[in-house]
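Here is the file query_25.txt (compact mmCIF, C-alpha atoms).
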# COMPACT_ATOMS: atom_id res chain seq x y z
CA MET A 1 -5.22 11.69 2.90
CA SER A 2 -6.19 13.27 6.24
CA ASP A 3 -8.34 16.41 6.33
CA SER A 4 -5.76 18.17 8.51
CA THR A 5 -2.70 17.78 6.25
CA PRO A 6 -1.12 20.77 4.42
CA ASP A 7 -2.07 19.11 1.13
CA ALA A 8 -5.74 19.45 2.07
CA ALA A 9 -5.42 23.23 2.26
CA ALA A 10 -3.38 23.42 -0.94
CA ASP A 11 -5.95 21.41 -2.88
CA ALA A 12 -9.02 23.17 -1.45
CA ALA A 13 -9.11 25.94 -4.07
CA ALA A 14 -9.48 23.33 -6.79
CA ALA A 15 -11.66 20.97 -4.75
CA THR A 16 -14.68 19.27 -6.25
CA VAL A 17 -17.72 19.05 -3.98
CA LEU A 18 -20.26 16.42 -5.03
CA VAL A 19 -23.76 16.84 -3.60
CA LEU A 20 -26.05 13.83 -3.30
CA ASP A 21 -29.28 15.74 -3.87
CA ALA A 22 -32.46 15.06 -1.96
CA PRO A 23 -35.55 14.26 -4.05
CA TYR A 24 -37.93 17.03 -5.09
CA PRO A 25 -39.40 19.11 -3.48
CA ALA A 26 -36.46 19.35 -1.04
CA PRO A 27 -34.36 22.40 -2.01
CA PRO A 28 -30.65 22.01 -2.77
CA PRO A 29 -28.13 23.26 -0.20
CA ARG A 30 -27.19 26.94 -0.37
CA LEU A 31 -23.52 26.83 -1.29
CA GLY A 32 -23.26 30.18 -3.04
CA SER A 33 -20.48 31.30 -0.73
CA LEU A 34 -18.28 28.58 -2.25
CA THR A 35 -18.64 29.99 -5.77
CA GLY A 36 -15.22 30.35 -7.37
CA ARG A 37 -13.61 28.39 -4.55
CA ALA A 38 -14.90 24.93 -5.34
CA ARG A 39 -16.40 23.05 -8.25
CA ILE A 40 -19.91 21.94 -7.30
CA LEU A 41 -21.37 18.82 -8.92
CA HIS A 42 -24.72 17.19 -8.27
CA ALA A 43 -25.75 13.54 -8.31
CA ASP A 44 -28.71 11.38 -7.46
CA ALA A 45 -28.86 7.73 -6.50
CA ASP A 46 -28.56 6.66 -10.15
CA THR A 47 -25.50 8.79 -10.99
CA LEU A 48 -23.61 8.79 -7.70
CA ALA A 49 -21.39 5.80 -8.45
CA GLU A 50 -20.02 7.24 -11.70
CA GLN A 51 -19.31 10.65 -10.13
CA LEU A 52 -17.76 9.54 -6.84
CA PRO A 53 -14.25 9.24 -8.38
CA LEU A 54 -14.43 12.92 -9.40
CA ALA A 55 -15.09 14.25 -5.90
CA ASP A 56 -12.79 15.47 -3.16
CA VAL A 57 -15.75 16.08 -0.87
CA LEU A 58 -19.16 14.42 -0.76
CA LEU A 59 -22.11 16.23 0.82
CA VAL A 60 -24.87 13.72 1.57
CA TRP A 61 -27.87 16.04 1.35
CA ASP A 62 -30.20 13.08 0.79
CA PHE A 63 -29.47 11.54 4.18
CA LEU A 64 -32.39 9.10 3.94
CA SER A 65 -30.82 7.40 0.91
CA ASP A 66 -28.75 4.20 0.88
CA ALA A 67 -27.00 5.38 -2.29
CA VAL A 68 -23.62 6.05 -0.64
CA ARG A 69 -23.54 2.63 0.98
CA ASP A 70 -24.40 1.04 -2.37
CA ALA A 71 -21.97 3.07 -4.50
CA TRP A 72 -18.92 3.34 -2.27
CA PRO A 73 -17.50 -0.17 -2.89
CA GLY A 74 -17.18 0.55 -6.63
CA GLU A 75 -14.15 1.40 -8.75
CA GLY A 76 -11.98 4.52 -8.75
CA PRO A 77 -10.75 7.02 -6.16
CA ARG A 78 -13.06 8.13 -3.38
CA PRO A 79 -13.65 11.50 -1.64
CA ARG A 80 -11.32 12.36 1.21
CA TRP A 81 -14.19 13.78 3.23
CA VAL A 82 -17.88 12.82 3.49
CA HIS A 83 -20.37 15.00 5.34
CA THR A 84 -23.93 13.86 6.01
CA ALA A 85 -26.65 16.40 6.76
CA SER A 86 -27.99 14.19 9.54
CA ALA A 87 -27.10 13.11 13.05
CA GLY A 88 -27.02 9.40 12.22
CA VAL A 89 -24.56 7.83 9.77
CA ASP A 90 -26.07 4.33 9.56
CA ARG A 91 -27.61 4.95 6.10
CA LEU A 92 -24.24 5.66 4.48
CA MET A 93 -21.75 3.50 6.38
CA CYS A 94 -20.42 0.34 4.75
CA PRO A 95 -17.33 -1.80 5.52
CA GLU A 96 -15.31 -0.20 2.71
CA LEU A 97 -16.01 3.34 3.92
CA ALA A 98 -15.38 2.37 7.54
CA ALA A 99 -11.99 0.88 6.61
CA SER A 100 -10.92 3.80 4.41
CA ASP A 101 -8.95 6.95 5.25
CA THR A 102 -11.96 9.08 4.34
CA VAL A 103 -13.09 11.40 7.13
CA VAL A 104 -16.83 11.33 7.91
CA THR A 105 -18.62 14.20 9.66
CA ASN A 106 -22.25 14.66 10.66
CA ALA A 107 -24.74 17.42 11.50
CA ARG A 108 -24.18 17.22 15.24
CA GLY A 109 -25.59 20.30 16.94
CA VAL A 110 -28.32 21.27 14.48
CA PHE A 111 -31.08 18.98 15.74
CA ASP A 112 -30.44 18.84 19.49
CA GLN A 113 -32.84 21.44 20.85
CA PRO A 114 -35.61 20.98 18.23
CA ILE A 115 -35.75 17.24 19.01
CA ALA A 116 -35.69 17.93 22.76
CA GLU A 117 -38.65 20.29 22.35
CA TYR A 118 -40.49 17.67 20.30
CA VAL A 119 -39.93 15.04 22.99
CA ALA A 120 -41.22 17.45 25.64
CA ALA A 121 -44.30 18.08 23.48
CA LEU A 122 -44.95 14.34 23.21
CA VAL A 123 -44.55 13.88 26.97
CA LEU A 124 -47.03 16.68 27.66
CA ALA A 125 -49.43 15.50 24.96
CA MET A 126 -49.58 12.00 26.44
CA ALA A 127 -49.71 13.18 30.05
CA LYS A 128 -52.51 15.63 29.29
CA ASP A 129 -54.35 13.19 26.98
CA LEU A 130 -54.37 15.69 24.12
CA PRO A 131 -54.86 13.10 21.34
CA HIS A 132 -58.09 11.97 23.02
CA THR A 133 -59.18 15.59 23.52
CA LEU A 134 -58.78 16.28 19.80
CA ARG A 135 -60.72 13.13 18.90
CA LEU A 136 -63.56 14.17 21.22
CA GLN A 137 -63.57 17.66 19.74
CA GLY A 138 -63.98 16.14 16.28
CA GLU A 139 -66.98 14.22 17.64
CA ARG A 140 -68.38 17.36 19.37
CA THR A 141 -68.28 15.45 22.63
CA TRP A 142 -67.78 17.18 26.02
CA ARG A 143 -66.11 14.70 28.38
CA HIS A 144 -64.32 15.97 31.46
CA ARG A 145 -61.27 13.95 32.51
CA GLU A 146 -58.30 14.18 34.83
CA SER A 147 -54.81 14.39 33.43
CA GLN A 148 -51.37 13.53 34.76
CA ARG A 149 -48.80 15.90 36.26
CA VAL A 150 -45.36 15.47 34.73
CA ALA A 151 -43.42 17.12 37.55
CA ARG A 152 -41.76 14.50 39.78
CA THR A 153 -42.31 11.72 37.24
CA ARG A 154 -39.20 9.80 36.12
CA ALA A 155 -37.63 9.63 32.68
CA CYS A 156 -34.94 7.27 31.41
CA VAL A 157 -33.21 8.81 28.38
CA VAL A 158 -31.15 6.33 26.36
CA GLY A 159 -28.37 7.87 24.29
CA SER A 160 -25.88 10.26 25.85
CA GLY A 161 -24.95 12.33 22.80
CA PRO A 162 -25.90 16.00 22.39
CA ILE A 163 -29.52 15.12 21.59
CA GLY A 164 -29.85 13.01 24.74
CA HIS A 165 -28.30 15.77 26.84
CA ALA A 166 -30.68 18.36 25.33
CA ILE A 167 -33.66 16.11 26.11
CA VAL A 168 -32.51 15.77 29.72
CA ARG A 169 -32.15 19.56 30.11
CA THR A 170 -35.59 20.20 28.65
CA LEU A 171 -37.37 17.54 30.72
CA LYS A 172 -35.69 18.79 33.89
CA ALA A 173 -37.22 22.20 33.18
CA LEU A 174 -40.62 20.47 33.45
CA GLY A 175 -39.69 19.05 36.84
CA ILE A 176 -39.11 15.53 35.53
CA ILE A 177 -36.50 13.44 37.34
CA THR A 178 -34.15 12.18 34.62
CA ALA A 179 -31.55 9.45 34.24
CA LEU A 180 -29.28 9.49 31.18
CA VAL A 181 -27.90 6.19 29.88
CA GLY A 182 -24.88 5.91 27.59
CA ARG A 183 -22.48 3.28 26.33
CA LYS A 184 -20.35 3.57 29.46
CA ALA A 185 -20.77 5.20 32.86
CA GLN A 186 -19.24 8.64 33.40
CA HIS A 187 -20.13 11.81 35.27
CA GLY A 188 -23.87 12.34 34.91
CA VAL A 189 -24.30 9.29 32.69
CA HIS A 190 -25.26 5.73 33.63
CA GLY A 191 -23.74 2.79 31.77
CA THR A 192 -25.83 0.37 29.72
CA GLU A 193 -25.56 -2.21 32.50
CA GLU A 194 -28.00 -0.03 34.48
CA LEU A 195 -30.55 0.35 31.69
CA ASP A 196 -32.91 -2.40 32.76
CA ARG A 197 -33.05 -1.16 36.35
CA LEU A 198 -33.69 2.44 35.31
CA MET A 199 -36.31 1.48 32.72
CA ALA A 200 -38.24 -0.54 35.30
CA ARG A 201 -38.65 2.59 37.44
CA ALA A 202 -39.35 5.10 34.66
CA ASP A 203 -42.61 6.74 33.66
CA TRP A 204 -41.02 7.82 30.37
CA VAL A 205 -38.47 5.77 28.41
CA ILE A 206 -36.97 7.87 25.62
CA CYS A 207 -34.70 6.42 22.96
CA ALA A 208 -32.15 8.81 21.45
CA ALA A 209 -29.39 6.26 20.81
CA PRO A 210 -27.40 5.88 17.58
CA LEU A 211 -28.03 2.78 15.47
CA THR A 212 -25.07 0.40 15.72
CA ASP A 213 -24.66 -3.37 15.76
CA ALA A 214 -24.83 -3.18 19.57
CA THR A 215 -28.05 -1.13 19.71
CA ARG A 216 -30.08 -2.65 16.87
CA GLY A 217 -33.31 -4.11 18.27
CA MET A 218 -32.40 -3.12 21.84
CA PHE A 219 -36.02 -2.31 22.68
CA ASP A 220 -37.76 -5.66 22.36
CA GLY A 221 -40.44 -7.67 24.10
CA ARG A 222 -38.22 -8.36 27.10
CA ARG A 223 -37.57 -4.68 27.73
CA PHE A 224 -41.17 -3.61 27.11
CA GLY A 225 -42.22 -6.35 29.54
CA MET A 226 -40.10 -4.89 32.34
CA MET A 227 -41.55 -1.39 32.01
CA GLN A 228 -44.30 -0.20 34.34
CA PRO A 229 -47.88 -0.63 33.02
CA SER A 230 -48.30 3.15 33.37
CA ALA A 231 -45.11 3.97 31.44
CA ARG A 232 -44.78 5.42 27.95
CA PHE A 233 -42.07 4.86 25.35
CA ILE A 234 -40.76 7.44 22.86
CA ASN A 235 -38.32 6.80 19.99
CA ILE A 236 -36.69 9.69 18.13
CA GLY A 237 -33.42 7.80 17.42
CA ARG A 238 -33.62 5.26 14.62
CA GLY A 239 -36.45 2.91 13.73
CA ALA A 240 -34.36 -0.26 13.85
CA LEU A 241 -33.57 0.33 17.52
CA VAL A 242 -37.07 -1.00 18.22
CA VAL A 243 -38.56 -4.40 17.43
CA GLU A 244 -41.77 -2.89 16.11
CA ASP A 245 -43.87 -6.06 16.31
CA ASP A 246 -42.91 -6.38 19.98
CA LEU A 247 -43.95 -2.79 20.65
CA ALA A 248 -47.30 -3.31 18.90
CA ALA A 249 -47.85 -6.43 21.04
CA ALA A 250 -46.90 -4.57 24.22
CA LEU A 251 -49.44 -1.87 23.46
CA ALA A 252 -52.16 -4.34 22.48
CA ASN A 253 -51.62 -6.32 25.68
CA ARG A 254 -51.47 -3.15 27.82
CA TRP A 255 -47.96 -3.93 29.05
CA ILE A 256 -47.31 -0.20 28.73
CA ALA A 257 -49.71 2.75 28.66
CA GLY A 258 -48.62 4.32 25.39
CA ALA A 259 -45.85 5.18 22.97
CA ALA A 260 -44.78 7.68 20.35
CA LEU A 261 -42.62 6.86 17.32
CA ASP A 262 -41.08 9.45 15.04
CA VAL A 263 -38.77 6.97 13.28
CA PHE A 264 -39.44 3.58 11.75
CA GLU A 265 -37.51 0.67 10.30
CA HIS A 266 -39.17 1.29 6.92
CA GLU A 267 -40.03 4.85 5.93
CA PRO A 268 -42.53 6.00 4.88
CA LEU A 269 -44.46 3.71 7.21
CA PRO A 270 -46.43 1.30 4.97
CA ALA A 271 -50.18 1.86 4.93
CA ASP A 272 -50.77 -1.73 6.07
CA SER A 273 -48.48 -1.48 9.10
CA PRO A 274 -50.23 -2.49 12.35
CA LEU A 275 -48.53 0.46 14.03
CA TRP A 276 -51.07 2.86 12.49
CA THR A 277 -53.81 1.37 14.64
CA ALA A 278 -51.83 0.24 17.69
CA PRO A 279 -53.68 1.46 20.80
CA GLY A 280 -52.06 4.40 22.54
CA LEU A 281 -49.45 5.01 19.82
CA ILE A 282 -48.66 8.42 18.31
CA VAL A 283 -47.13 8.13 14.83
CA SER A 284 -45.24 11.06 13.30
CA PRO A 285 -43.33 11.10 9.99
CA HIS A 286 -39.66 11.54 11.05
CA MET A 287 -40.10 15.24 11.74
CA SER A 288 -38.90 15.76 15.31
CA GLY A 289 -35.81 17.75 14.33
CA ASP A 290 -37.20 19.53 11.29
CA THR A 291 -38.09 23.09 12.29
CA VAL A 292 -38.57 26.09 10.01
CA GLY A 293 -35.19 26.96 8.46
CA TRP A 294 -33.52 23.66 9.34
CA ARG A 295 -32.17 23.07 5.84
CA ASP A 296 -30.56 26.51 5.81
CA GLU A 297 -28.85 25.64 9.11
CA LEU A 298 -27.57 22.39 7.62
CA GLY A 299 -26.17 24.20 4.57
CA ALA A 300 -24.52 26.85 6.73
CA GLN A 301 -22.97 24.16 8.92
CA PHE A 302 -21.46 22.43 5.88
CA VAL A 303 -19.96 25.72 4.67
CA GLU A 304 -18.41 26.28 8.12
CA LEU A 305 -16.92 22.80 8.04
CA TYR A 306 -15.66 23.42 4.50
CA GLU A 307 -13.84 26.50 5.78
CA GLU A 308 -12.07 24.31 8.34
CA TRP A 309 -11.18 21.74 5.71
CA ALA A 310 -9.98 24.37 3.21
CA ALA A 311 -7.73 25.90 5.86
CA GLY A 312 -6.23 22.52 6.69
CA ARG A 313 -7.62 22.62 10.24
CA PRO A 314 -8.96 19.49 11.96
CA LEU A 315 -12.64 19.08 11.17
CA SER A 316 -15.34 19.33 13.81
CA ASN A 317 -18.01 16.63 14.18
CA VAL A 318 -15.73 13.79 13.06
CA VAL A 319 -17.50 10.45 13.35
CA ASP A 320 -15.79 7.40 14.79
CA LYS A 321 -16.56 5.12 11.86
CA LYS A 322 -16.23 1.96 13.94
CA ARG A 323 -18.67 3.16 16.61
CA GLY A 324 -21.00 5.04 14.26
CA TYR A 325 -21.15 8.37 16.11
CA VAL A 326 -19.07 11.35 17.22
CA PRO A 327 -17.20 10.43 20.42
CA GLY A 328 -17.28 12.69 23.41
CA HIS A 329 -20.23 11.58 25.52
Serialized structure, structure tokens:
Amino acid sequence: MSDSTPDAAADAAAATVLVLDAPYPAPPPRLGSLTGRARILHADADTLAEQLPLADVLLVWDFLSDAVRDAWPGEGPRPRWVHTASAGVDRLMCPELAASDTVVTNARGVFDQPIAEYVAALVLAMAKDLPHTLRLQGERTWRHRESQRVARTRACVVGSGPIGHAIVRTLKALGIITALVGRKAQHGVHGTEELDRLMARADWVICAAPLTDATRGMFDGRRFGMMQPSARFINIGRGALVVEDDLAAALANRWIAGAALDVFEHEPLPADSPLWTAPGLIVSPHMSGDTVGWRDELGAQFVELYEEWAAGRPLSNVVDKKRGYVPGH
């Protein structure tokens, strides 16, 4: 059943919303405004499969879990609408969900500017050699050095969704010359066929692409090898977009000057991962979009979408389940 049919509005008063809770200490979503208007159930990875048939709506609050992908192919009816409190949908998508009539929405819009600010902070930190400055401070060592100007350097931003556009706007404010690369060429966006050429000229290569079959492993040894020796790489998209062993080798061999990763193929990053000690690499624990109050914003966004669904209006942020992202850029 489509989210925009009259039946959706008629059933909304009696709708059951199932929340896939995030592990402690993450707080549950604030859904108090739905009291008396919807039945709220809670599940974890162990109980999701048995409760899915009871739900009209599924809120994936634990967006780092594979539980939806594992439970969806089971028996019984399935929710008509799934919302994930994340920009990416790769952790929940499976062939059965992709082929179903269930509408999937994401948290598009919540993380754009926080991630753009984080990317700008990483660019400035690497250009101004701040990690080295902090290490020297810890050693009580006074060592004067020159740092790099970022104005008039070049950035290649890969991923032309709202996050990529926000990164471009923020870097332009620093005087950085930017090129935005998307799946296909359009106004202000280069197509993927130009990626190699733009990367080869860039001082900063920034990955903000969604994880799909077409983008998995797109940053590999070949692409790191074509970057300038003075260039830096930043990934705030998804870990599996990068062949991590190839990046570690590129840094060890000085093919590129540095990198920063906020996302990894396996999270938390294992203690024995060579990435922890890769020269010139900044490691952060998937935090680029998580600013103070971000969970409240996610909860408020879900309530706004629920209002659309309850009124029988077309939902915002609808994901193209075949492509794996919200079309429009």
Quick check, in Å to one decimal: how far apart do atom CA of Cys94 of chain A and atom CA of Trp309 of chain A lie? 23.3 Å
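Relative to atom CA of His286 of chain A, atom CA of Pro268 of chain A is found at 8.8 Å.
Shell of Ser288 of chain A at 7 Å, with all atoms listed in the file counted and residues fewer than 4 places along the chain excluded, is Pro114, Ile115, Tyr118 and Asp262 of chain A.
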Shortest contact to Gly328 of chain A, candidates A:Arg108, A:His144, A:Glu265, A:Glu304, atoms counted all atoms listed in the file, goes to A:Arg108
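If you measure from each of A:Asp44, A:Glu297, A:Asp246, A:Asp66 to Pro23 of chain A using only C-alpha atoms, the closest one turns out to be A:Asp44.
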Lys322 of chain A proximity check over A:Ala116, A:Val60, A:Ala249, A:Leu211, using all atoms listed in the file: winner is A:Leu211
Mind working out the centre and edge lengths of an axis-aligned box for segment 58-76 of chain A, all listed atoms inside, 8 Å added to each side, rounded to one decimal in Å and written as JSON?
{"center_x": -22.2, "center_y": 8.0, "center_z": -2.3, "size_x": 36.4, "size_y": 32.4, "size_z": 28.9}
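Shell of segment 187-196 of chain A at 8 Å, with all atoms listed in the file counted and residues fewer than 5 places along the chain excluded, is Ser160, Ala179, Leu180, Val181, Gly182, Arg223 and Met226 of chain A.
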Around the point (-38.0, 4.4, 10.8) (coordinates from the file), which residues reach within 7 Å if we count all atoms listed in the file? Answer as a PyMOL selection string. chain A and resi 238-240+263-267
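Atom to atom, atom CA of Leu261 of chain A and atom CA of Gly161 of chain A stand 19.3 Å apart.
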Compile the contact shell of Val57 of chain A as a list in words: residues with an atom at most 8 Å away, counting all atoms listed in the file, same-chain residues fewer than 6 positions apart removed. Ala15, Thr16, Val17, Leu18, Pro79, Arg80, Trp81, Val82 and His83 of chain A
Residue contacts of Thr178 of chain A (6 Å, all atoms listed in the file) excluding same-chain residues fewer than 4 positions away, as a compact mmCIF listing (two decimals) with C-alpha atoms, in the coordinates of the input:
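And here is the file that came out, selection07.txt:
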# COMPACT_ATOMS: atom_id res chain seq x y z
CA ARG A 154 -39.20 9.80 36.12
CA ALA A 155 -37.63 9.63 32.68
CA CYS A 156 -34.94 7.27 31.41
Close residues, Thr215 of chain A itself excluded, 12 Å, only C-alpha atoms, min 2 positions apart in chain, as a PDB file with C-alpha atoms, in the frame of the given file:
ATOM      1  CA  ASP A  90     -26.070   4.330   9.560  1.00  0.00           C
ATOM      2  CA  VAL A 158     -31.150   6.330  26.360  1.00  0.00           C
ATOM      3  CA  GLY A 159     -28.370   7.870  24.290  1.00  0.00           C
ATOM      4  CA  GLY A 182     -24.880   5.910  27.590  1.00  0.00           C
ATOM      5  CA  ARG A 183     -22.480   3.280  26.330  1.00  0.00           C
ATOM      6  CA  THR A 192     -25.830   0.370  29.720  1.00  0.00           C
ATOM      7  CA  CYS A 207     -34.700   6.420  22.960  1.00  0.00           C
ATOM      8  CA  ALA A 208     -32.150   8.810  21.450  1.00  0.00           C
ATOM      9  CA  ALA A 209     -29.390   6.260  20.810  1.00  0.00           C
ATOM     10  CA  PRO A 210     -27.400   5.880  17.580  1.00  0.00           C
ATOM     11  CA  LEU A 211     -28.030   2.780  15.470  1.00  0.00           C
ATOM     12  CA  THR A 212     -25.070   0.400  15.720  1.00  0.00           C
ATOM     13  CA  ASP A 213     -24.660  -3.370  15.760  1.00  0.00           C
ATOM     14  CA  GLY A 217     -33.310  -4.110  18.270  1.00  0.00           C
ATOM     15  CA  MET A 218     -32.400  -3.120  21.840  1.00  0.00           C
ATOM     16  CA  PHE A 219     -36.020  -2.310  22.680  1.00  0.00           C
ATOM     17  CA  ASP A 220     -37.760  -5.660  22.360  1.00  0.00           C
ATOM     18  CA  GLY A 237     -33.420   7.800  17.420  1.00  0.00           C
ATOM     19  CA  ARG A 238     -33.620   5.260  14.620  1.00  0.00           C
ATOM     20  CA  GLY A 239     -36.450   2.910  13.730  1.00  0.00           C
ATOM     21  CA  ALA A 240     -34.360  -0.260  13.850  1.00  0.00           C
ATOM     22  CA  LEU A 241     -33.570   0.330  17.520  1.00  0.00           C
ATOM     23  CA  VAL A 242     -37.070  -1.000  18.220  1.00  0.00           C
ATOM     24  CA  VAL A 243     -38.560  -4.400  17.430  1.00  0.00           C
ATOM     25  CA  ARG A 323     -18.670   3.160  16.610  1.00  0.00           C
ATOM     26  CA  GLY A 324     -21.000   5.040  14.260  1.00  0.00           C
TER      27      GLY A 324
END
Which residue of A:Gln148, A:Gln113, A:Ser273, A:Gln301 approaches Leu171 of chain A most closely, using all atoms listed in the file: A:Gln113
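Minimum distance to Leu122 of chain A across A:Val292, A:Ile206, A:Leu97, A:Ala49 (counting all atoms listed in the file) occurs at A:Ile206.
Taking all atoms listed in the file into account, the residues near (-40.6, -4.0, 34.0), no farther than 10 Å, are A:Asp196, A:Arg197, A:Leu198, A:Met199, A:Ala200, A:Arg201, A:Ala202, A:Arg222, A:Arg223, A:Phe224, A:Gly225, A:Met226, A:Met227, A:Gln228, A:Pro229, A:Ala231, A:Trp255, A:Ile256.
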For the structure just given, write the atoms of segment 172-245 of chain A, namely C-alpha atoms, as a PDB file, in the first residue's frame.
ATOM      1  CA  LYS A 172      34.142  27.788  -1.143  1.00  0.00           C
ATOM      2  CA  ALA A 173      33.808  30.083   1.877  1.00  0.00           C
ATOM      3  CA  LEU A 174      37.452  29.222   2.637  1.00  0.00           C
ATOM      4  CA  GLY A 175      38.482  30.220  -0.875  1.00  0.00           C
ATOM      5  CA  ILE A 176      38.911  26.633  -2.078  1.00  0.00           C
ATOM      6  CA  ILE A 177      38.210  25.965  -5.753  1.00  0.00           C
ATOM      7  CA  THR A 178      35.744  23.068  -5.800  1.00  0.00           C
ATOM      8  CA  ALA A 179      34.509  20.510  -8.316  1.00  0.00           C
ATOM      9  CA  LEU A 180      31.462  18.398  -7.426  1.00  0.00           C
ATOM     10  CA  VAL A 181      31.139  14.929  -8.950  1.00  0.00           C
ATOM     11  CA  GLY A 182      27.872  12.995  -9.153  1.00  0.00           C
ATOM     12  CA  ARG A 183      26.440   9.971 -10.912  1.00  0.00           C
ATOM     13  CA  LYS A 184      25.685  12.005 -14.023  1.00  0.00           C
ATOM     14  CA  ALA A 185      26.631  15.454 -15.287  1.00  0.00           C
ATOM     15  CA  GLN A 186      24.170  18.306 -14.735  1.00  0.00           C
ATOM     16  CA  HIS A 187      24.339  22.001 -13.918  1.00  0.00           C
ATOM     17  CA  GLY A 188      27.143  22.500 -11.408  1.00  0.00           C
ATOM     18  CA  VAL A 189      27.911  18.783 -11.212  1.00  0.00           C
ATOM     19  CA  HIS A 190      30.478  16.741 -13.138  1.00  0.00           C
ATOM     20  CA  GLY A 191      29.691  13.169 -14.169  1.00  0.00           C
ATOM     21  CA  THR A 192      31.661  10.188 -12.892  1.00  0.00           C
ATOM     22  CA  GLU A 193      33.479   9.959 -16.221  1.00  0.00           C
ATOM     23  CA  GLU A 194      35.393  13.102 -15.156  1.00  0.00           C
ATOM     24  CA  LEU A 195      36.359  11.836 -11.708  1.00  0.00           C
ATOM     25  CA  ASP A 196      39.836  10.605 -12.559  1.00  0.00           C
ATOM     26  CA  ARG A 197      40.774  13.863 -14.297  1.00  0.00           C
ATOM     27  CA  LEU A 198      39.497  16.013 -11.430  1.00  0.00           C
ATOM     28  CA  MET A 199      41.131  13.842  -8.759  1.00  0.00           C
ATOM     29  CA  ALA A 200      44.501  14.109 -10.492  1.00  0.00           C
ATOM     30  CA  ARG A 201      44.386  17.908 -10.145  1.00  0.00           C
ATOM     31  CA  ALA A 202      42.955  18.117  -6.621  1.00  0.00           C
ATOM     32  CA  ASP A 203      44.674  19.011  -3.373  1.00  0.00           C
ATOM     33  CA  TRP A 204      41.702  17.599  -1.448  1.00  0.00           C
ATOM     34  CA  VAL A 205      39.662  14.567  -2.517  1.00  0.00           C
ATOM     35  CA  ILE A 206      36.543  14.272  -0.369  1.00  0.00           C
ATOM     36  CA  CYS A 207      34.231  11.269  -0.512  1.00  0.00           C
ATOM     37  CA  ALA A 208      30.582  11.918   0.356  1.00  0.00           C
ATOM     38  CA  ALA A 209      29.047   9.324  -1.974  1.00  0.00           C
ATOM     39  CA  PRO A 210      26.340   6.800  -1.043  1.00  0.00           C
ATOM     40  CA  LEU A 211      27.330   3.142  -0.839  1.00  0.00           C
ATOM     41  CA  THR A 212      25.882   1.224  -3.790  1.00  0.00           C
ATOM     42  CA  ASP A 213      27.054  -1.673  -5.939  1.00  0.00           C
ATOM     43  CA  ALA A 214      28.514   0.916  -8.333  1.00  0.00           C
ATOM     44  CA  THR A 215      30.457   2.844  -5.675  1.00  0.00           C
ATOM     45  CA  ARG A 216      31.736   0.044  -3.427  1.00  0.00           C
ATOM     46  CA  GLY A 217      35.545   0.098  -3.391  1.00  0.00           C
ATOM     47  CA  MET A 218      35.693   3.056  -5.796  1.00  0.00           C
ATOM     48  CA  PHE A 219      38.716   4.522  -4.021  1.00  0.00           C
ATOM     49  CA  ASP A 220      41.401   1.900  -4.571  1.00  0.00           C
ATOM     50  CA  GLY A 221      45.095   1.702  -5.330  1.00  0.00           C
ATOM     51  CA  ARG A 222      44.600   2.893  -8.891  1.00  0.00           C
ATOM     52  CA  ARG A 223      42.820   6.059  -7.812  1.00  0.00           C
ATOM     53  CA  PHE A 224      45.195   6.786  -4.933  1.00  0.00           C
ATOM     54  CA  GLY A 225      48.054   6.332  -7.398  1.00  0.00           C
ATOM     55  CA  MET A 226      46.714   9.051  -9.697  1.00  0.00           C
ATOM     56  CA  MET A 227      46.422  11.645  -6.929  1.00  0.00           C
ATOM     57  CA  GLN A 228      49.115  14.272  -6.439  1.00  0.00           C
ATOM     58  CA  PRO A 229      51.808  13.411  -3.839  1.00  0.00           C
ATOM     59  CA  SER A 230      50.781  16.565  -1.947  1.00  0.00           C
ATOM     60  CA  ALA A 231      47.067  15.687  -1.935  1.00  0.00           C
ATOM     61  CA  ARG A 232      44.936  14.544   0.996  1.00  0.00           C
ATOM     62  CA  PHE A 233      41.931  12.226   1.020  1.00  0.00           C
ATOM     63  CA  ILE A 234      38.882  12.504   3.314  1.00  0.00           C
ATOM     64  CA  ASN A 235      36.040   9.979   3.633  1.00  0.00           C
ATOM     65  CA  ILE A 236      32.832  10.866   5.476  1.00  0.00           C
ATOM     66  CA  GLY A 237      30.581   8.689   3.256  1.00  0.00           C
ATOM     67  CA  ARG A 238      30.730   4.968   3.981  1.00  0.00           C
ATOM     68  CA  GLY A 239      33.726   2.844   4.905  1.00  0.00           C
ATOM     69  CA  ALA A 240      33.268   0.317   2.114  1.00  0.00           C
ATOM     70  CA  LEU A 241      33.720   3.048  -0.501  1.00  0.00           C
ATOM     71  CA  VAL A 242      37.449   2.768   0.230  1.00  0.00           C
ATOM     72  CA  VAL A 243      39.767  -0.209  -0.161  1.00  0.00           C
ATOM     73  CA  GLU A 244      41.378   0.380   3.212  1.00  0.00           C
ATOM     74  CA  ASP A 245      44.481  -1.739   2.597  1.00  0.00           C
TER      75      ASP A 245
END
